[in-house]
Amino acid sequence: MTVARILVVDDEPDVEALVTQKFRRQVRKGELEFVFAHDGQHALEVLQADPDIIMVLSDINMPRMDGLTLLEQLNEQHQDLKTVIVSAYGDMGNIRTAMNRGAFDFVTKPIEFDDLETTIHKTIDHLELLKNLHRQKAEAEKARATLSRYFSPNIVKALADQPDFLNGGAERRLATFLFTDLAEFTPLVESTAPDQVVELLNEYLDQVTRIIFEHDGTVMKIIGDALHAIFGAPLDHAEPAARAVACALAIDAFAQEFQAKKNAQGIPLGVTRIGVNSGAAIIGSFGGDNFFDYTAYGDAVNVAARLEGANKLLGTRICVSQTVVDQMPAFEGRPAGMLMLKGKSEALKAYEPLPTEEFGSPATASYLQAYSRLEAGDKSARQAFAALVGQYDNDPLANFHLGRVLSGIVNTEIDMNPG
């Protein structure tokens, strides 16, 4: 048991002897220790030199600094202490002032030592309760911080707000799904030292997950260099599709800069490809008593993954579906084509979202004109895309469509699984 160290502040010369005599048994047993000061100023000096004091028992009327002024100083300098005020019986004015200034309790003069002993133990019990609460809070915050390193903050928040969150099973709900993949990463792993791969991947994933969290996304999985994220679950957020697209553009901006930096260092890092799709899926916690996986299952999830893969053929870095665009009245981007995905009977219209400055550029306006001709089956799309590529030869998507029209394909339907 930890000894409770108490500071008694009183200018009467016999107080020290009375307190020492009254509590001699507790002092011998190591339960209580008493330190004495003669006025408020002396008490502050003692507290400065003795950080183990947990409680102050103070008279009010004292020279140099009275007990009420001492209370003010304790509130500023020693907020963890609890103070019990000793006041003359019937002096309710000073007692009210003391309680308003933060006194924990009071006893009246002449002191009834049995009452004082009860008050001291009540104060110590309260301090112990506060200590336990602070410890539990610190442990909870530590556990939450640890969880946040493994799970999305959205899941951690859901766990904190609803402790039975993970026992809730699953539900079918609308959400937006985002998939990323780092091109040519496997060959890079095979040709690079393990410690360099670990450093590279940690730096990359740290930034990508940070961006996802900043846009209120939840990371469902990290598989090697690939990330799967969800927007709109487990917590509801306004405009999940818009958040996902903004997140994709932010990841793209980071990934391009990161790739350029690593390439300059002689590391052949590839581009990051991103797919985004909205739709209904079964979302929840899957697993048993010993392990859980918060994830989603359904066609909407699979389509997001396939849109990520479609970037490789189209030459784009981000590819989003019509269902995403339908939720964004202010969507800024350009159509990429009507994609016939594996297992689908109908083509899905895909888009490439663009930063605002690029969306408003003459190059985008020219592309939209050329694409509209292609969409209409107008053979003049060939000249339009040729002119576009001639002026902006660094546009992979325009080059892709030019290649198709030059081979005689004058439409926007793209078979993603030829043969």
# chains A, B, ... in the order shown; residues from 1 in each chain; ligands from 1
$ closest_atom_pairs --of "segment 243-265 of chain A" --to "segment 217-238 of chain A" --cutoff "12 Å" --atoms "only C-alpha atoms" --output "CSV"
residue,atom,partner,partner_atom,distance
A:Arg243,CA,A:Phe231,CA,7.3
A:Ala244,CA,A:Phe231,CA,6.4
A:Val245,CA,A:Phe231,CA,10.1
A:Ala246,CA,A:Gly217,CA,10.9
A:Cys247,CA,A:Gly217,CA,8.4
A:Ala248,CA,A:Ala229,CA,10.6
A:Ile251,CA,A:Leu227,CA,11.4
$ atom_distance --atom1 "atom CA of Glu171 of chain A" --atom2 "atom CA of Ala281 of chain A"
8.0 Å
$ closest_atom_pairs --of "segment 232-259 of chain A" --to "segment 355-378 of chain A" --cutoff "10 Å" --atoms "only C-alpha atoms" --output "JSON lines"
{"residue": "A:Ala246", "atom": "CA", "partner": "A:Pro355", "partner_atom": "CA", "distance": 9.0}
{"residue": "A:Leu249", "atom": "CA", "partner": "A:Pro355", "partner_atom": "CA", "distance": 7.0}
{"residue": "A:Ala250", "atom": "CA", "partner": "A:Pro355", "partner_atom": "CA", "distance": 9.3}
{"residue": "A:Ala253", "atom": "CA", "partner": "A:Pro355", "partner_atom": "CA", "distance": 9.5}
$ residues_around --residues "Phe185 of chain A" --least-positions-apart "5" --cutoff "9 Å" --atoms "only C-alpha atoms" --output "list in words"
Glu190, Asp225, Pro268, Leu269 and Gly270 of chain A
$ atom_distance --atom1 "atom CA of Ile111 of chain A" --atom2 "atom CA of Val86 of chain A"
8.1 Å
$ residues_around --residues "Leu127 of chain A" --least-positions-apart "6" --cutoff "12 Å" --atoms "only C-alpha atoms" --output "ChimeraX atom specification"
/A:4,53-55,80-83,104,120-121,133-134
$ write_last_selection --atoms "N, CA and C atoms" --output "PDB file, in the first residue's frame"
ATOM      1  N   ALA A   4       0.046   7.728   2.073  1.00  0.00           N
ATOM      2  CA  ALA A   4      -0.566   8.994   1.663  1.00  0.00           C
ATOM      3  C   ALA A   4       0.131  10.132   2.394  1.00  0.00           C
ATOM      4  N   ILE A  53       3.431  14.852  -2.079  1.00  0.00           N
ATOM      5  CA  ILE A  53       2.243  15.254  -1.323  1.00  0.00           C
ATOM      6  C   ILE A  53       1.008  15.158  -2.211  1.00  0.00           C
ATOM      7  N   ILE A  54      -0.047  14.512  -1.700  1.00  0.00           N
ATOM      8  CA  ILE A  54      -1.258  14.334  -2.506  1.00  0.00           C
ATOM      9  C   ILE A  54      -2.444  15.135  -1.965  1.00  0.00           C
ATOM     10  N   MET A  55      -2.326  15.655  -0.741  1.00  0.00           N
ATOM     11  CA  MET A  55      -3.472  16.300  -0.114  1.00  0.00           C
ATOM     12  C   MET A  55      -2.992  17.443   0.774  1.00  0.00           C
ATOM     13  N   ASP A  80      -3.479  18.677  -9.359  1.00  0.00           N
ATOM     14  CA  ASP A  80      -3.758  17.290  -8.992  1.00  0.00           C
ATOM     15  C   ASP A  80      -3.998  17.115  -7.497  1.00  0.00           C
ATOM     16  N   LEU A  81      -3.668  18.118  -6.714  1.00  0.00           N
ATOM     17  CA  LEU A  81      -3.868  18.033  -5.265  1.00  0.00           C
ATOM     18  C   LEU A  81      -5.336  18.226  -4.901  1.00  0.00           C
ATOM     19  N   LYS A  82      -5.730  17.646  -3.770  1.00  0.00           N
ATOM     20  CA  LYS A  82      -7.035  17.907  -3.201  1.00  0.00           C
ATOM     21  C   LYS A  82      -6.844  18.632  -1.873  1.00  0.00           C
ATOM     22  N   THR A  83      -7.641  19.676  -1.658  1.00  0.00           N
ATOM     23  CA  THR A  83      -7.488  20.516  -0.474  1.00  0.00           C
ATOM     24  C   THR A  83      -8.734  20.456   0.394  1.00  0.00           C
ATOM     25  N   PHE A 104     -11.909  20.588  -1.875  1.00  0.00           N
ATOM     26  CA  PHE A 104     -12.608  19.318  -2.010  1.00  0.00           C
ATOM     27  C   PHE A 104     -13.634  19.129  -0.897  1.00  0.00           C
ATOM     28  N   ILE A 120     -10.278  12.775   5.774  1.00  0.00           N
ATOM     29  CA  ILE A 120      -8.996  12.430   5.145  1.00  0.00           C
ATOM     30  C   ILE A 120      -9.135  11.155   4.320  1.00  0.00           C
ATOM     31  N   HIS A 121      -9.756  10.134   4.878  1.00  0.00           N
ATOM     32  CA  HIS A 121      -9.896   8.870   4.153  1.00  0.00           C
ATOM     33  C   HIS A 121     -10.832   9.014   2.946  1.00  0.00           C
ATOM     34  N   LEU A 133      -9.072   6.023 -12.667  1.00  0.00           N
ATOM     35  CA  LEU A 133      -9.726   6.498 -13.886  1.00  0.00           C
ATOM     36  C   LEU A 133      -8.701   7.011 -14.891  1.00  0.00           C
ATOM     37  N   HIS A 134      -7.712   7.756 -14.401  1.00  0.00           N
ATOM     38  CA  HIS A 134      -6.660   8.270 -15.291  1.00  0.00           C
ATOM     39  C   HIS A 134      -5.877   7.102 -15.909  1.00  0.00           C
TER      40      HIS A 134
END
$ select_by_dssp --residues "segment 177-267 of chain A" --states "alpha helix (DSSP H)" --output "JSON, numbers by chain"
{"A": [185, 186, 187, 188, 189, 190, 194, 195, 196, 197, 198, 199, 200, 201, 202, 203, 204, 205, 206, 207, 208, 209, 210, 211, 212, 213, 214, 240, 241, 242, 243, 244, 245, 246, 247, 248, 249, 250, 251, 252, 253, 254, 255, 256, 257, 258, 259, 260, 261, 262, 263, 264]}
$ closest_residue --among "A:Asp14, A:Asp105, A:Val9, A:Val405" --to "Val46 of chain A" --atoms "only C-alpha atoms"
A:Val9
$ residues_around --residues "segment 19-35 of chain A" --least-positions-apart "6" --cutoff "8 Å" --atoms "only C-alpha atoms" --output "list in words"
Met1, Thr2, Val3, Ala4, Arg5, Ile6, Leu7, Val8 and Phe113 of chain A
$ write_last_selection --atoms "C-alpha atoms" --output "mmCIF file, in the first residue's frame"
data_model
loop_
_atom_site.group_PDB
_atom_site.id
_atom_site.type_symbol
_atom_site.label_atom_id
_atom_site.label_comp_id
_atom_site.auth_asym_id
_atom_site.auth_seq_id
_atom_site.Cartn_x
_atom_site.Cartn_y
_atom_site.Cartn_z
ATOM 1 C CA MET A 1 0.000 0.000 0.000
ATOM 2 C CA THR A 2 1.339 3.457 -0.945
ATOM 3 C CA VAL A 3 1.641 5.888 1.953
ATOM 4 C CA ALA A 4 -0.566 8.994 1.663
ATOM 5 C CA ARG A 5 1.519 12.127 2.213
ATOM 6 C CA ILE A 6 -0.497 15.073 3.590
ATOM 7 C CA LEU A 7 0.531 18.708 4.054
ATOM 8 C CA VAL A 8 -1.024 20.436 7.090
ATOM 9 C CA PHE A 113 -10.476 14.381 14.960
#
$ select_by_dssp --residues "segment 158-336 of chain A" --states "strand (DSSP E or B)" --output "NGL selection string"
:A and (170-182 or 218-223 or 226-231 or 272-287 or 292-297 or 318-321 or 333-336)
